[in-house]
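Colleague: target-v4.txt (compact mmCIF, C-alpha atoms) pasted underneath:
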```txt
# COMPACT_ATOMS: atom_id res chain seq x y z
CA MET M 1 1.52 -15.33 9.02
CA MET M 2 -1.68 -17.21 9.78
CA LYS M 3 -2.15 -15.16 12.95
CA LEU M 4 -2.08 -11.97 10.89
CA ILE M 5 -4.53 -13.27 8.31
CA SER M 6 -6.91 -14.60 10.96
CA GLY M 7 -6.81 -11.28 12.87
CA GLN M 8 -5.05 -12.46 16.03
CA PHE M 9 -2.96 -9.30 16.30
CA ALA M 10 -2.40 -9.49 20.07
CA THR M 11 0.11 -12.34 19.73
CA VAL M 12 2.14 -10.74 16.94
CA GLU M 13 4.88 -8.11 17.22
CA PRO M 14 3.28 -4.64 16.74
CA LEU M 15 5.87 -3.59 14.14
CA VAL M 16 4.91 -6.61 12.03
CA VAL M 17 1.21 -5.76 12.43
CA MET M 18 1.94 -2.19 11.33
CA ILE M 19 3.78 -3.29 8.18
CA PHE M 20 1.18 -5.94 7.33
CA SER M 21 -1.66 -3.44 7.70
CA CYS M 22 0.14 -0.84 5.58
CA LEU M 23 0.34 -3.42 2.78
CA GLY M 24 -3.40 -2.95 2.40
CA LEU M 25 -3.37 0.83 2.70
CA PHE M 26 -0.70 1.67 0.16
CA PRO M 27 -2.51 0.09 -2.83
CA LEU M 28 -5.45 2.34 -1.99
CA LEU M 29 -3.11 5.31 -2.04
CA PHE M 30 -1.66 4.23 -5.40
CA ALA M 31 -5.18 3.77 -6.78
CA SER M 32 -6.11 7.28 -5.67
CA LEU M 33 -3.09 8.62 -7.55
CA ILE M 34 -3.42 6.57 -10.74
CA MET M 35 -7.10 6.10 -11.48
CA PRO M 36 -8.41 9.69 -11.46
CA ASN M 37 -5.69 10.78 -13.93
CA ASP M 38 -5.97 7.68 -16.14
CA SER M 39 -5.66 8.98 -19.69
CA PHE M 40 -2.85 6.78 -21.02
CA LYS M 41 -3.09 4.08 -23.66
CA LEU M 42 -3.23 1.30 -21.06
CA PRO M 43 -5.98 1.48 -18.44
CA GLY M 44 -4.72 1.90 -14.92
CA TRP M 45 -7.44 0.07 -13.02
CA PRO M 46 -6.20 -3.51 -13.72
CA PHE M 47 -2.74 -2.58 -12.45
CA SER M 48 -4.21 -0.89 -9.37
CA LEU M 49 -6.32 -3.95 -8.68
CA LEU M 50 -3.35 -6.29 -9.08
CA SER M 51 -1.28 -4.17 -6.69
CA PHE M 52 -3.42 -5.43 -3.79
CA GLY M 53 -1.98 -8.90 -4.33
CA LEU M 54 1.39 -8.24 -5.95
CA GLY M 55 2.29 -4.91 -4.38
CA ALA M 56 4.08 -2.17 -6.26
CA PHE M 57 5.53 -4.73 -8.67
CA ALA M 58 2.13 -4.82 -10.42
CA LEU M 59 2.40 -1.08 -11.11
CA LEU M 60 5.80 -1.23 -12.81
CA PRO M 61 4.47 -2.44 -16.20
CA TYR M 62 1.90 0.34 -16.14
CA PHE M 63 4.55 3.01 -15.64
CA VAL M 64 6.85 1.51 -18.27
CA LEU M 65 4.24 0.75 -20.94
CA ASN M 66 1.81 3.62 -20.46
CA GLY M 67 2.81 5.30 -23.75
CA GLU M 68 1.18 8.47 -25.01
CA LYS M 69 -1.79 10.19 -23.49
CA SER M 70 -5.13 9.81 -25.18
CA THR M 71 -7.58 12.65 -25.58
CA LYS M 72 -10.23 11.10 -23.40
CA SER M 73 -9.90 10.39 -19.71
CA ARG M 74 -11.19 6.99 -18.72
CA GLY M 75 -12.32 5.73 -15.41
CA PHE M 76 -15.32 5.29 -13.22
CA SER M 77 -16.59 8.73 -12.27
CA LEU M 78 -18.13 7.67 -8.96
CA LEU M 79 -15.00 5.74 -7.96
CA ASN M 80 -12.76 8.63 -9.03
CA LYS M 81 -14.78 11.05 -6.93
CA TRP M 82 -14.49 8.72 -3.96
CA LEU M 83 -10.75 8.18 -4.42
CA THR M 84 -10.05 11.91 -4.65
CA SER M 85 -12.43 13.04 -1.91
CA PRO M 86 -10.74 14.82 0.98
CA THR M 87 -12.62 12.58 3.43
CA PHE M 88 -11.13 9.42 1.92
CA LEU M 89 -7.62 10.86 1.73
CA LEU M 90 -7.76 12.16 5.30
CA SER M 91 -9.01 8.79 6.51
CA LEU M 92 -6.08 7.08 4.75
CA LEU M 93 -3.68 9.53 6.38
CA THR M 94 -5.29 9.07 9.80
CA ILE M 95 -5.22 5.26 9.61
CA THR M 96 -1.60 5.32 8.45
CA LEU M 97 -0.54 7.63 11.28
CA ILE M 98 -2.38 5.50 13.85
CA LEU M 99 -0.68 2.36 12.53
CA TYR M 100 2.75 4.00 12.65
CA LEU M 101 2.16 5.30 16.17
CA TYR M 102 1.00 1.84 17.28
CA GLY M 103 3.95 0.09 15.67
CA PHE M 104 6.57 2.46 16.99
CA ALA M 105 5.06 2.94 20.47
CA ALA M 106 4.24 -0.69 21.23
CA GLY M 107 6.88 -2.36 19.08
CA SER M 108 10.02 -3.85 20.46
CA PHE M 109 13.02 -2.32 18.73
CA PHE M 110 15.33 -4.41 20.87
CA ILE M 111 14.03 -7.63 19.30
CA CYS M 112 14.47 -6.15 15.82
CA MET M 113 18.03 -5.09 16.59
CA VAL M 114 18.92 -8.51 18.01
CA LEU M 115 17.47 -10.26 14.96
CA GLN M 116 19.33 -7.91 12.64
CA GLN M 117 22.63 -8.47 14.43
CA ALA M 118 22.07 -12.24 14.42
CA HIS M 119 21.38 -12.11 10.68
CA PHE M 120 24.60 -10.22 9.99
CA GLN M 121 26.61 -12.61 12.14
CA VAL M 122 25.35 -15.62 10.19
CA ILE M 123 26.52 -14.11 6.91
```
As structure tokens, how would this structure be written, given the file I've shared?
Modeller:
Amino acid sequence: MMKLISGQFATVEPLVVMIFSCLGLFPLLFASLIMPNDSFKLPGWPFSLLSFGLGAFALLPYFVLNGEKSTKSRGFSLLNKWLTSPTFLLSLLTITLILYLYGFAAGSFFICMVLQQAHFQVI
């Protein structure tokens, strides 16, 4: 884990690097879906911010407790424009595709299969 945090990706399995990197991309995707359409009783930005540390579990209370829509849309107009811009969304898509290609092309599926079979044999 420390190798991932410190940026020493060369010594870590590429599939693990791919998943770890996607953990930072998907909260951005969730923020681009939630924040521009934020017109519910609860504001969406605290939940989007918490999702960077807690993952999708931070978004569950927002979806459960959002309640009725209010008449006024809230949010930061400059941030909303940035989150919904085609350039930002295409860059998210491009980075995600590059990460998946890297993980699947350079990753060792044999190691994953051996670990999975060893896990099932222990149980």
Colleague: By how many Å are CA of Glu13 in chain M and CA of Ser32 in chain M apart?
Modeller: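 CA of Ser32 in chain M lies 29.7 Å from CA of Glu13 in chain M.
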Colleague: Please compute the CA of Leu60 in chain M-CA of Thr96 in chain M distance, one decimal, in Å.
Modeller: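 Atom-to-atom, CA of Leu60 in chain M to CA of Thr96 in chain M, that is 23.4 Å.
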Colleague: Do a neighbour search on Phe63 in chain M at 12 Å with all atoms listed in the file, toss out local chain neighbours closer than 4 positions, and write the hits as a list in words.
Modeller: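 Answer for this query is Ile34, Asp38, Phe40, Lys41, Leu42, Pro43, Gly44, Phe47, Ser48, Ala56, Phe57, Ala58, Leu59, Gly67 and Glu68 of chain M.
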Colleague: My list of candidates is M:Ser51, M:Ser6, M:Thr87, M:Thr11. Which is closest to Phe30 in chain M when distances are computed with only C-alpha atoms?
Modeller: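 For Phe30 in chain M, the nearest of the given residues is M:Ser51.
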Colleague: Using all atoms listed in the file, which protein or nucleic acid residues come within 9 Å of Gly55 in chain M? Drop anything in the same chain fewer than 5 positions from it, and give the result as a PyMOL selection string.
Modeller: chain M and resi 23+26-27+50
Colleague: Set the distance at 12 Å and use only C-alpha atoms: which residues neighbour Leu79 in chain M once local chain neighbours fewer than 2 positions away are removed? I'd like the list as a PyMOL selection string.
Modeller: chain M and resi 28+31-32+34-36+45+74-77+81-85+88
Colleague: Quote the spacing between CA of Phe104 in chain M and CA of Met18 in chain M in Å to one decimal place.
Modeller: 8.7 Å
